[in-house]
>>> print(open('upload-v1.cif').read())   # mmCIF, C-alpha atoms
data_target
loop_
_atom_site.label_atom_id
_atom_site.label_comp_id
_atom_site.auth_asym_id
_atom_site.auth_seq_id
_atom_site.Cartn_x
_atom_site.Cartn_y
_atom_site.Cartn_z
CA MET N 1 -27.89 -54.95 -9.25
CA PHE N 2 -30.68 -54.94 -6.64
CA GLY N 3 -28.52 -56.45 -3.88
CA PHE N 4 -27.46 -59.69 -5.56
CA GLY N 5 -24.14 -61.29 -4.76
CA LEU N 6 -24.16 -62.70 -1.25
CA LYS N 7 -20.91 -63.52 0.48
CA LYS N 8 -19.87 -67.14 0.15
CA THR N 9 -19.65 -68.81 3.53
CA ALA N 10 -18.36 -72.14 2.32
CA PRO N 11 -17.43 -73.83 -0.97
CA GLN N 12 -20.27 -75.63 -2.66
CA SER N 13 -20.39 -79.37 -2.22
CA ALA N 14 -21.59 -81.71 -4.94
CA ASP N 15 -24.75 -82.68 -3.05
CA ARG N 16 -25.92 -79.07 -2.96
CA HIS N 17 -25.78 -78.44 -6.70
CA ARG N 18 -29.51 -78.30 -7.10
CA LEU N 19 -31.51 -75.51 -8.66
CA VAL N 20 -34.02 -73.87 -6.34
CA GLY N 21 -36.86 -71.70 -7.60
CA VAL N 22 -38.99 -69.56 -5.31
CA GLU N 23 -42.28 -67.78 -5.97
CA VAL N 24 -43.35 -64.98 -3.62
CA SER N 25 -46.91 -63.68 -3.97
CA SER N 26 -48.97 -61.58 -1.60
CA ALA N 27 -50.53 -64.82 -0.31
CA SER N 28 -47.56 -67.12 0.23
CA VAL N 29 -44.05 -68.31 -0.55
CA ARG N 30 -43.65 -71.50 -2.59
CA ALA N 31 -40.40 -73.20 -3.65
CA VAL N 32 -39.11 -76.22 -5.57
CA ALA N 33 -35.76 -77.96 -5.85
CA VAL N 34 -34.78 -79.24 -9.30
CA ALA N 35 -32.05 -81.75 -10.06
CA VAL N 36 -31.40 -84.72 -12.31
CA GLY N 37 -34.28 -87.05 -11.64
CA GLY N 38 -37.09 -84.66 -10.95
CA VAL N 39 -38.66 -81.73 -9.16
CA ARG N 40 -39.55 -81.63 -5.49
CA THR N 41 -41.73 -79.12 -3.69
CA LEU N 42 -40.00 -77.81 -0.57
CA HIS N 43 -41.77 -77.73 2.79
CA LEU N 44 -41.29 -74.12 3.80
CA ASP N 45 -43.66 -74.32 6.79
CA ASP N 46 -43.18 -77.93 7.79
CA PRO N 47 -45.17 -80.10 7.35
CA ASN N 48 -46.84 -77.74 4.87
CA GLU N 49 -45.39 -76.81 1.50
CA GLU N 50 -46.41 -73.16 1.22
CA LEU N 51 -45.55 -70.54 3.80
CA PRO N 52 -48.54 -68.16 4.07
CA LEU N 53 -47.50 -64.50 4.31
CA VAL N 54 -49.41 -63.94 7.52
CA VAL N 55 -48.01 -62.60 10.81
CA ALA N 56 -49.69 -62.34 14.23
CA LEU N 57 -49.15 -59.15 16.24
CA ASP N 58 -50.01 -60.49 19.68
CA ARG N 59 -47.44 -63.25 20.19
CA ARG N 60 -43.81 -63.50 21.18
CA PRO N 61 -41.86 -65.14 19.69
CA VAL N 62 -43.29 -64.11 16.33
CA GLN N 63 -46.10 -66.35 15.10
CA LEU N 64 -46.42 -66.55 11.32
CA GLY N 65 -47.29 -68.81 8.42
CA HIS N 66 -49.94 -71.45 9.09
CA ALA N 67 -49.83 -70.75 12.82
CA ALA N 68 -50.97 -67.17 12.19
CA LEU N 69 -53.32 -68.21 9.38
CA GLY N 70 -55.11 -70.42 11.90
CA ARG N 71 -56.16 -67.28 13.82
CA VAL N 72 -56.98 -64.89 10.98
CA ARG N 73 -60.78 -65.13 11.54
CA ILE N 74 -60.53 -65.48 15.31
CA VAL N 75 -58.52 -62.30 16.02
CA PRO N 76 -58.51 -60.44 12.66
CA HIS N 77 -57.39 -57.22 14.39
CA ALA N 78 -54.21 -58.97 15.56
CA VAL N 79 -53.19 -60.63 12.27
CA VAL N 80 -51.41 -58.95 9.35
CA ALA N 81 -51.73 -60.29 5.79
CA ASN N 82 -51.58 -59.06 2.17
CA PHE N 83 -48.63 -56.80 3.02
CA LEU N 84 -46.45 -57.54 -0.03
CA PRO N 85 -48.16 -54.81 -2.17
CA LEU N 86 -47.37 -52.33 0.64
CA VAL N 87 -43.64 -53.06 0.86
CA GLY N 88 -41.65 -49.84 0.77
CA THR N 89 -44.50 -47.76 2.21
CA GLN N 90 -44.86 -46.16 5.65
CA ASN N 91 -47.80 -48.32 6.73
CA GLU N 92 -47.58 -49.68 10.26
CA TRP N 93 -49.56 -52.15 12.36
CA ARG N 94 -49.51 -52.05 16.15
CA GLY N 95 -50.38 -55.06 18.26
CA GLU N 96 -50.10 -56.16 21.85
CA ARG N 97 -46.58 -57.52 21.40
CA LEU N 98 -45.40 -56.30 18.01
CA THR N 99 -45.31 -53.23 15.81
CA LEU N 100 -44.64 -54.08 12.18
CA THR N 101 -44.19 -52.31 8.87
CA PRO N 102 -44.81 -54.22 5.61
CA ASP N 103 -41.03 -54.61 5.25
CA ASP N 104 -40.75 -56.01 8.79
CA ALA N 105 -43.55 -58.49 8.19
CA LEU N 106 -42.05 -59.71 4.91
CA GLU N 107 -38.56 -60.06 6.39
CA GLU N 108 -39.95 -62.17 9.25
CA CYS N 109 -41.54 -64.54 6.71
CA LEU N 110 -38.48 -64.68 4.44
CA THR N 111 -36.28 -65.46 7.42
CA ALA N 112 -38.61 -68.28 8.47
CA ALA N 113 -38.34 -69.83 4.97
CA ARG N 114 -34.52 -69.61 4.83
CA PRO N 115 -33.66 -72.97 6.53
CA ALA N 116 -35.61 -74.97 3.95
CA LEU N 117 -33.87 -73.13 1.10
CA GLU N 118 -30.39 -73.38 2.63
CA ALA N 119 -30.80 -77.11 3.11
CA GLU N 120 -31.17 -77.59 -0.65
CA ALA N 121 -28.77 -75.32 -2.50
CA ASP N 122 -26.46 -72.33 -2.49
CA ALA N 123 -28.26 -70.64 -5.37
CA ALA N 124 -31.90 -69.78 -5.97
CA GLY N 125 -34.00 -67.88 -8.46
CA LEU N 126 -36.87 -65.70 -7.33
CA VAL N 127 -40.04 -64.65 -9.15
CA LEU N 128 -42.37 -61.87 -8.00
CA PRO N 129 -45.81 -60.58 -9.04
CA GLY N 130 -45.79 -58.33 -12.07
CA TYR N 131 -47.77 -55.61 -10.28
CA LEU N 132 -44.88 -54.63 -7.99
CA SER N 133 -43.11 -51.37 -8.86
CA ALA N 134 -39.37 -51.23 -9.53
CA LYS N 135 -38.88 -49.62 -6.11
CA GLN N 136 -40.84 -52.39 -4.41
CA VAL N 137 -38.86 -55.06 -6.24
CA ARG N 138 -35.64 -53.49 -4.94
CA SER N 139 -37.08 -53.52 -1.42
CA VAL N 140 -38.07 -57.19 -1.65
CA LEU N 141 -34.65 -58.18 -2.95
CA GLN N 142 -32.92 -56.21 -0.21
CA LEU N 143 -35.10 -57.97 2.37
CA ALA N 144 -34.25 -61.35 0.82
CA THR N 145 -30.57 -60.45 1.17
CA SER N 146 -31.11 -59.43 4.80
CA ALA N 147 -32.81 -62.78 5.39
CA ARG N 148 -29.73 -64.45 3.86
CA TRP N 149 -31.53 -66.03 0.95
CA PRO N 150 -29.11 -67.35 -1.73
CA VAL N 151 -30.78 -65.34 -4.52
CA ARG N 152 -28.83 -65.27 -7.80
CA GLY N 153 -31.44 -63.49 -9.90
CA SER N 154 -35.08 -62.45 -10.05
CA ALA N 155 -37.82 -62.03 -12.62
CA SER N 156 -41.47 -61.15 -13.05
CA ALA N 157 -43.46 -64.35 -12.50
CA PRO N 158 -45.60 -64.23 -15.69
CA LEU N 159 -42.57 -63.41 -17.85
CA ALA N 160 -40.60 -66.27 -16.31
CA ILE N 161 -43.50 -68.67 -16.91
CA ALA N 162 -43.64 -67.62 -20.57
CA SER N 163 -39.88 -68.02 -20.90
CA HIS N 164 -40.12 -71.52 -19.49
CA ARG N 165 -43.19 -72.77 -21.34
CA ALA N 166 -43.77 -70.69 -24.47
CA PRO N 167 -40.69 -71.21 -26.72
CA GLY N 168 -41.73 -73.15 -29.78
CA LEU N 169 -45.30 -71.84 -29.66
CA THR N 170 -46.57 -71.59 -33.21
CA ALA N 171 -48.18 -68.43 -34.54
CA ALA N 172 -51.77 -68.54 -35.75
CA VAL N 173 -50.97 -65.82 -38.31
CA PRO N 174 -47.73 -66.12 -40.35
CA GLY N 175 -45.34 -63.26 -39.69
CA VAL N 176 -46.99 -62.26 -36.41
CA ASP N 177 -45.39 -63.28 -33.13
CA PRO N 178 -47.76 -65.39 -31.04
CA THR N 179 -48.77 -64.01 -27.67
CA VAL N 180 -49.61 -65.68 -24.38
CA MET N 181 -51.70 -64.28 -21.57
CA VAL N 182 -50.82 -65.33 -18.03
CA ILE N 183 -53.54 -64.77 -15.42
CA ASP N 184 -52.70 -65.05 -11.74
CA ALA N 185 -54.53 -64.41 -8.47
CA ASP N 186 -53.33 -63.68 -4.97
CA ASP N 187 -54.70 -61.83 -1.96
CA HIS N 188 -54.04 -58.48 -3.64
CA ALA N 189 -55.68 -58.87 -7.05
CA ILE N 190 -56.27 -60.86 -10.17
CA SER N 191 -53.40 -59.87 -12.44
CA ALA N 192 -52.75 -60.49 -16.12
CA ALA N 193 -49.78 -60.13 -18.44
CA LEU N 194 -49.63 -60.26 -22.24
CA ILE N 195 -46.33 -61.59 -23.53
CA ALA N 196 -45.07 -61.81 -27.11
CA VAL N 197 -43.10 -64.94 -28.00
CA GLY N 198 -40.49 -63.91 -30.57
CA THR N 199 -37.78 -65.96 -32.20
CA ASP N 200 -35.13 -64.61 -29.81
CA GLU N 201 -36.99 -63.67 -26.64
CA VAL N 202 -40.24 -63.38 -24.75
CA LYS N 203 -41.26 -59.76 -24.26
CA LEU N 204 -43.86 -58.15 -22.01
CA LEU N 205 -46.44 -56.21 -24.01
CA ALA N 206 -48.77 -55.07 -21.23
CA SER N 207 -49.91 -56.01 -17.73
CA THR N 208 -52.66 -55.14 -15.30
CA ALA N 209 -54.01 -55.87 -11.84
CA VAL N 210 -57.80 -55.79 -11.45
CA PRO N 211 -58.77 -54.01 -8.20
CA LYS N 212 -61.14 -55.63 -5.67
CA THR N 213 -60.75 -59.12 -7.15
CA GLY N 214 -58.00 -60.60 -4.96
CA THR N 215 -58.51 -64.04 -3.44
CA LYS N 216 -59.36 -62.41 -0.10
CA VAL N 217 -62.45 -60.84 -1.70
CA TRP N 218 -63.53 -64.22 -3.11
CA LYS N 219 -63.06 -65.91 0.28
CA ASP N 220 -64.95 -63.18 2.11
CA ARG N 221 -67.80 -63.64 -0.34
CA LEU N 222 -67.70 -67.41 0.15
CA ILE N 223 -67.77 -67.08 3.94
CA ASP N 224 -70.85 -64.85 3.68
CA GLY N 225 -72.61 -67.06 1.14
CA LEU N 226 -71.91 -70.30 2.99
CA SER N 227 -72.90 -68.73 6.29
CA ASP N 228 -76.22 -67.60 4.78
CA ARG N 229 -76.71 -71.15 3.52
CA CYS N 230 -76.04 -72.44 7.05
CA VAL N 231 -78.62 -70.03 8.51
CA ARG N 232 -81.23 -71.31 6.06
CA THR N 233 -80.34 -74.92 6.90
CA CYS N 234 -80.14 -74.88 10.69
CA ARG N 235 -80.81 -71.29 11.84
CA ARG N 236 -77.18 -70.98 13.00
CA ASP N 237 -74.66 -68.45 11.68
CA PRO N 238 -70.95 -69.41 11.63
CA ARG N 239 -70.06 -65.71 11.75
CA ASP N 240 -71.45 -65.59 15.30
CA SER N 241 -68.70 -67.99 16.42
CA ALA N 242 -65.03 -67.18 15.86
CA ALA N 243 -64.13 -70.87 15.98
CA ALA N 244 -66.83 -71.85 13.47
CA GLU N 245 -65.90 -69.11 11.03
CA GLN N 246 -62.18 -69.93 11.31
CA GLY N 247 -62.84 -73.61 10.72
CA LEU N 248 -64.92 -72.84 7.64
CA TYR N 249 -62.25 -70.46 6.32
CA LEU N 250 -59.49 -73.08 6.63
CA GLN N 251 -61.47 -75.54 4.49
CA LEU N 252 -61.91 -73.18 1.54
CA ASP N 253 -58.67 -73.85 -0.40
CA ASP N 254 -59.17 -77.62 -0.50
CA ALA N 255 -62.86 -77.17 -1.21
CA LEU N 256 -62.21 -74.87 -4.16
CA THR N 257 -59.65 -77.27 -5.60
CA ALA N 258 -62.14 -80.15 -5.38
CA ALA N 259 -64.94 -78.02 -6.86
CA ARG N 260 -62.67 -76.98 -9.73
CA ASP N 261 -62.33 -80.68 -10.56
CA GLY N 262 -66.11 -81.08 -10.59
CA HIS N 263 -66.64 -82.64 -7.17
CA ARG N 264 -69.29 -81.93 -4.58
CA VAL N 265 -67.75 -80.79 -1.31
CA THR N 266 -68.90 -81.37 2.25
CA LEU N 267 -67.84 -78.62 4.65
CA GLY N 268 -68.03 -79.15 8.38
CA VAL N 269 -69.14 -76.12 10.39
CA ARG N 270 -68.35 -76.49 14.09
CA SER N 271 -68.85 -74.21 17.08
CA GLU N 272 -68.58 -74.90 20.79
CA LYS N 273 -72.30 -75.78 20.99
CA TRP N 274 -73.46 -76.91 17.55
CA TYR N 275 -72.33 -78.35 14.23
CA GLN N 276 -73.65 -78.57 10.70
CA ASP N 277 -72.38 -80.26 7.53
CA LEU N 278 -72.92 -78.37 4.28
CA THR N 279 -72.75 -80.19 0.95
CA VAL N 280 -71.95 -77.70 -1.80
CA THR N 281 -71.84 -78.27 -5.57
CA PRO N 282 -69.42 -76.56 -7.97
CA ASP N 283 -72.34 -74.55 -9.41
CA GLU N 284 -73.27 -73.30 -5.93
CA PHE N 285 -69.73 -72.05 -5.39
CA LYS N 286 -69.94 -70.25 -8.74
CA ASN N 287 -73.28 -68.65 -7.88
CA ILE N 288 -71.96 -67.32 -4.57
CA CYS N 289 -69.00 -65.69 -6.34
CA ASP N 290 -70.84 -64.50 -9.45
CA ALA N 291 -70.58 -60.77 -8.68
CA VAL N 292 -66.81 -60.75 -8.05
CA ASN N 293 -66.37 -63.01 -11.08
CA ARG N 294 -68.13 -60.46 -13.29
CA THR N 295 -65.90 -57.71 -11.92
CA ALA N 296 -62.81 -59.77 -12.78
CA ILE N 297 -63.99 -60.56 -16.31
CA ASP N 298 -64.94 -56.93 -16.98
CA GLY N 299 -61.49 -55.82 -15.86
CA LEU N 300 -59.75 -58.38 -18.07
CA LYS N 301 -61.94 -57.42 -21.05
CA GLN N 302 -61.04 -53.76 -20.62
CA PHE N 303 -57.37 -54.68 -20.42
CA LEU N 304 -57.52 -56.61 -23.70
CA LEU N 305 -59.38 -53.80 -25.46
CA THR N 306 -56.52 -51.37 -24.76
CA ALA N 307 -53.65 -53.85 -25.22
CA PRO N 308 -51.32 -53.62 -28.25
CA LEU N 309 -52.46 -56.86 -29.89
CA ALA N 310 -52.47 -57.63 -33.62
CA VAL N 311 -54.24 -60.96 -33.08
CA PRO N 312 -55.85 -62.61 -30.02
CA PRO N 313 -53.58 -64.49 -27.62
CA ARG N 314 -52.57 -67.92 -28.83
CA VAL N 315 -53.02 -69.32 -25.34
CA VAL N 316 -54.31 -68.15 -21.96
CA TRP N 317 -52.64 -69.73 -18.95
CA LEU N 318 -54.30 -69.54 -15.56
CA THR N 319 -52.13 -70.22 -12.54
CA ALA N 320 -53.37 -72.76 -10.00
CA ALA N 321 -54.49 -69.93 -7.71
CA ALA N 322 -56.54 -68.28 -10.47
CA GLY N 323 -57.81 -71.57 -11.84
CA ARG N 324 -59.54 -72.60 -8.63
CA LEU N 325 -61.57 -69.39 -8.27
CA PRO N 326 -65.17 -70.52 -8.86
CA GLY N 327 -66.30 -69.95 -12.43
CA LEU N 328 -63.35 -67.80 -13.51
CA ALA N 329 -61.76 -70.30 -15.92
CA ALA N 330 -65.16 -71.12 -17.48
CA LYS N 331 -65.97 -67.45 -18.05
CA ILE N 332 -62.55 -66.78 -19.56
CA HIS N 333 -62.99 -69.74 -21.89
CA LYS N 334 -66.47 -68.55 -22.87
CA ASN N 335 -65.21 -65.04 -23.63
CA SER N 336 -62.09 -66.13 -25.55
CA PRO N 337 -61.88 -66.41 -29.36
CA GLU N 338 -62.13 -69.90 -30.81
CA GLN N 339 -58.43 -69.93 -31.75
CA THR N 340 -57.33 -69.13 -28.17
CA LYS N 341 -56.59 -72.13 -25.98
CA VAL N 342 -57.28 -71.76 -22.25
CA SER N 343 -55.25 -73.98 -19.91
CA LEU N 344 -54.56 -74.36 -16.19
CA LEU N 345 -50.98 -74.33 -14.95
CA PRO N 346 -49.70 -76.62 -12.19
CA ALA N 347 -49.16 -75.20 -8.71
CA ASN N 348 -45.38 -75.11 -9.11
CA ALA N 349 -45.31 -73.43 -12.54
CA ALA N 350 -43.82 -70.12 -11.36
CA ALA N 351 -41.32 -71.70 -8.96
CA GLU N 352 -40.13 -74.15 -11.63
CA ALA N 353 -39.75 -71.25 -14.08
CA ALA N 354 -37.54 -69.47 -11.52
CA ALA N 355 -35.42 -72.59 -11.06
CA ALA N 356 -34.96 -72.89 -14.84
CA LEU N 357 -33.26 -69.48 -14.91
CA VAL N 358 -30.76 -70.07 -12.08
CA HIS N 359 -28.04 -71.75 -14.15
CA ARG N 360 -28.23 -68.97 -16.74
CA TRP N 361 -27.74 -66.33 -14.03
CA GLN N 362 -24.85 -68.27 -12.54
CA THR N 363 -23.06 -68.61 -15.87
CA GLY N 364 -23.59 -64.99 -16.88
CA HIS N 365 -25.94 -65.74 -19.78
CA LEU N 366 -28.60 -63.58 -18.12
CA PRO N 367 -27.93 -60.14 -16.61
CA ARG N 368 -28.10 -59.86 -12.81
CA VAL N 369 -31.03 -57.45 -12.90
CA HIS N 370 -34.71 -58.00 -12.28
CA LEU N 371 -36.13 -59.34 -15.53
CA ASP N 372 -39.51 -57.70 -16.07
CA ALA N 373 -39.39 -56.51 -19.68
CA SER N 374 -37.94 -59.43 -21.65
CA ILE N 375 -36.04 -62.70 -21.29
CA PRO N 376 -33.93 -64.05 -24.17
CA HIS N 377 -34.50 -67.66 -25.15
CA ALA N 378 -31.96 -70.11 -23.80
CA ARG N 379 -29.31 -71.37 -26.17
CA ARG N 380 -27.84 -74.86 -26.04
CA LEU N 381 -24.69 -73.76 -24.26
CA ASP N 382 -26.56 -72.07 -21.41
CA VAL N 383 -29.34 -74.53 -20.62
CA GLY N 384 -27.37 -77.58 -19.50
CA ARG N 385 -27.63 -78.73 -15.92
CA ASP N 386 -24.61 -78.76 -13.64
CA PRO N 387 -22.83 -82.08 -14.36
CA THR N 388 -22.34 -82.62 -10.62
CA ALA N 389 -26.08 -82.43 -9.90
CA LYS N 390 -27.55 -85.45 -8.16
CA ALA N 391 -30.99 -86.92 -8.28
CA LEU N 392 -33.40 -85.69 -5.63
CA PRO N 393 -33.91 -88.05 -2.71
CA ALA N 394 -37.38 -89.37 -2.09
CA ASN N 395 -39.65 -87.33 0.15
#
>>> encode(input="upload-v1.cif", output="structure tokens")
Amino acid sequence: MFGFGLKKTAPQSADRHRLVGVEVSSASVRAVAVAVGGVRTLHLDDPNEELPLVVALDRRPVQLGHAALGRVRIVPHAVVANFLPLVGTQNEWRGERLTLTPDDALEECLTAARPALEAEADAAGLVLPGYLSAKQVRSVLQLATSARWPVRGSASAPLAIASHRAPGLTAAVPGVDPTVMVIDADDHAISAALIAVGTDEVKLLASTAVPKTGTKVWKDRLIDGLSDRCVRTCRRDPRDSAAAEQGLYLQLDDALTAARDGHRVTLGVRSEKWYQDLTVTPDEFKNICDAVNRTAIDGLKQFLLTAPLAVPPRVVWLTAAAGRLPGLAAKIHKNSPEQTKVSLLPANAAAEAAAALVHRWQTGHLPRVHLDASIPHARRLDVGRDPTAKALPAN
């Protein structure tokens, strides 16, 4: 049962009957609380919503999350990131104050997120990347138990998203189950899953992770491209200044989100002795990342060529993380058949999908095992919310 079934420390009170969904990727932890009245994103690294899976090795007490992320380009040798794909291995990082394995690093981050989860509910659903092995999933769930997370069940993130959003999807060809393709991106890789939407369940057909296309690769390429642009503009290189490079790095996520929406972005590059503002267009971001984009598209094409598909996917869903990678969504749309719809998912799609499964785990309508092969469709008697649930308070 992968370590489910935590000891109850106190009876549930009516104001804690919310449904919490948590997404863990190699980049971060993200969570939502769902109750009558709406969905609220939890602040796992207050005042920030996401908790980056980053740990510094040179500080006591342990420095992690955004505090460690703020030093990743200043002291890269003393910061550990992208360790989720290594959980369960014998890797080890030694720093001035800490020695960590991937399991140690993940447990530190899960423990840091626990207070925000405990404040909301006594039950949570967890979704994980589809590229993790069964052994790694067991390790993650055991670490979540050690961190005293109130996990009631877990699932593969793309399968959970399909379970939440795909029921009712109409087939393009009569008699053939429609399929959806979910594309995600984190620090480890761009990953994709093909899922058949049957009358009784959603079922995983195939999945892949494309090597050397994780968000870290895209950001490294952006740092190099923007730094070269800065050299041409003012004969100064941000990579020569740890502070300047770190400041540029921390602006990338917001910049990519704005560029995805078609906006020009002004990035401020600051060192101790000079500064430069760079105005970058969406097309310039795409040009900088063109090589890694081609690698990603080639990998996804190869995946589709070998996948067991009778007809093209009915819809391709890109997560928010994949959707903001420069040019990726446009290239996927260009390379998709006319009958395939390409859409971007909201940032909370995976966490909300996890929350939607919690009640079914609690009532026994879903088995207490990691769901990575199929998820049956909800029936009327197992989808109702807890009648004692209250509306979420305002932020």
>>> closest_residue(input="upload-v1.cif", among="N:Glu284, N:Asp177, N:Asp277, N:Glu108", to="Ser146 of chain N", atoms="all atoms listed in the file")
N:Glu108
>>> closest_residue(input="upload-v1.cif", among="N:Val79, N:Leu117, N:Leu126, N:Leu226", to="Arg368 of chain N", atoms="only C-alpha atoms")
N:Leu126
>>> atom_distance(input="upload-v1.cif", atom1="atom CA of Lys331 of chain N", atom2="atom CA of Ala166 of chain N")
23.3 Å
>>> closest_atom_pairs(input="upload-v1.cif", of="segment 73-139 of chain N", to="segment 189-212 of chain N", cutoff="9 Å", atoms="all atoms listed in the file", output="JSON lines")
{"residue": "N:Pro129", "atom": "CA", "partner": "N:Ser191", "partner_atom": "CA", "distance": 8.3}
{"residue": "N:Gly130", "atom": "CA", "partner": "N:Ser207", "partner_atom": "CA", "distance": 7.4}
{"residue": "N:Tyr131", "atom": "CA", "partner": "N:Ala209", "partner_atom": "CA", "distance": 6.4}
>>> residues_around(input="upload-v1.cif", residues="segment 86-92 of chain N", least_positions_apart="3", cutoff="12 Å", atoms="all atoms listed in the file", output="PyMOL selection string")
chain N and resi 26+57+80-83+95+98-107+131-143+188
>>> closest_residue(input="upload-v1.cif", among="N:Val311, N:Val36, N:Leu267, N:Val20", to="Ala171 of chain N", atoms="only C-alpha atoms")
N:Val311
>>> atom_distance(input="upload-v1.cif", atom1="atom CA of Asp224 of chain N", atom2="atom CA of Gly268 of chain N")
15.3 Å
>>> atom_distance(input="upload-v1.cif", atom1="atom CA of Gly37 of chain N", atom2="atom CA of Leu318 of chain N")
26.9 Å
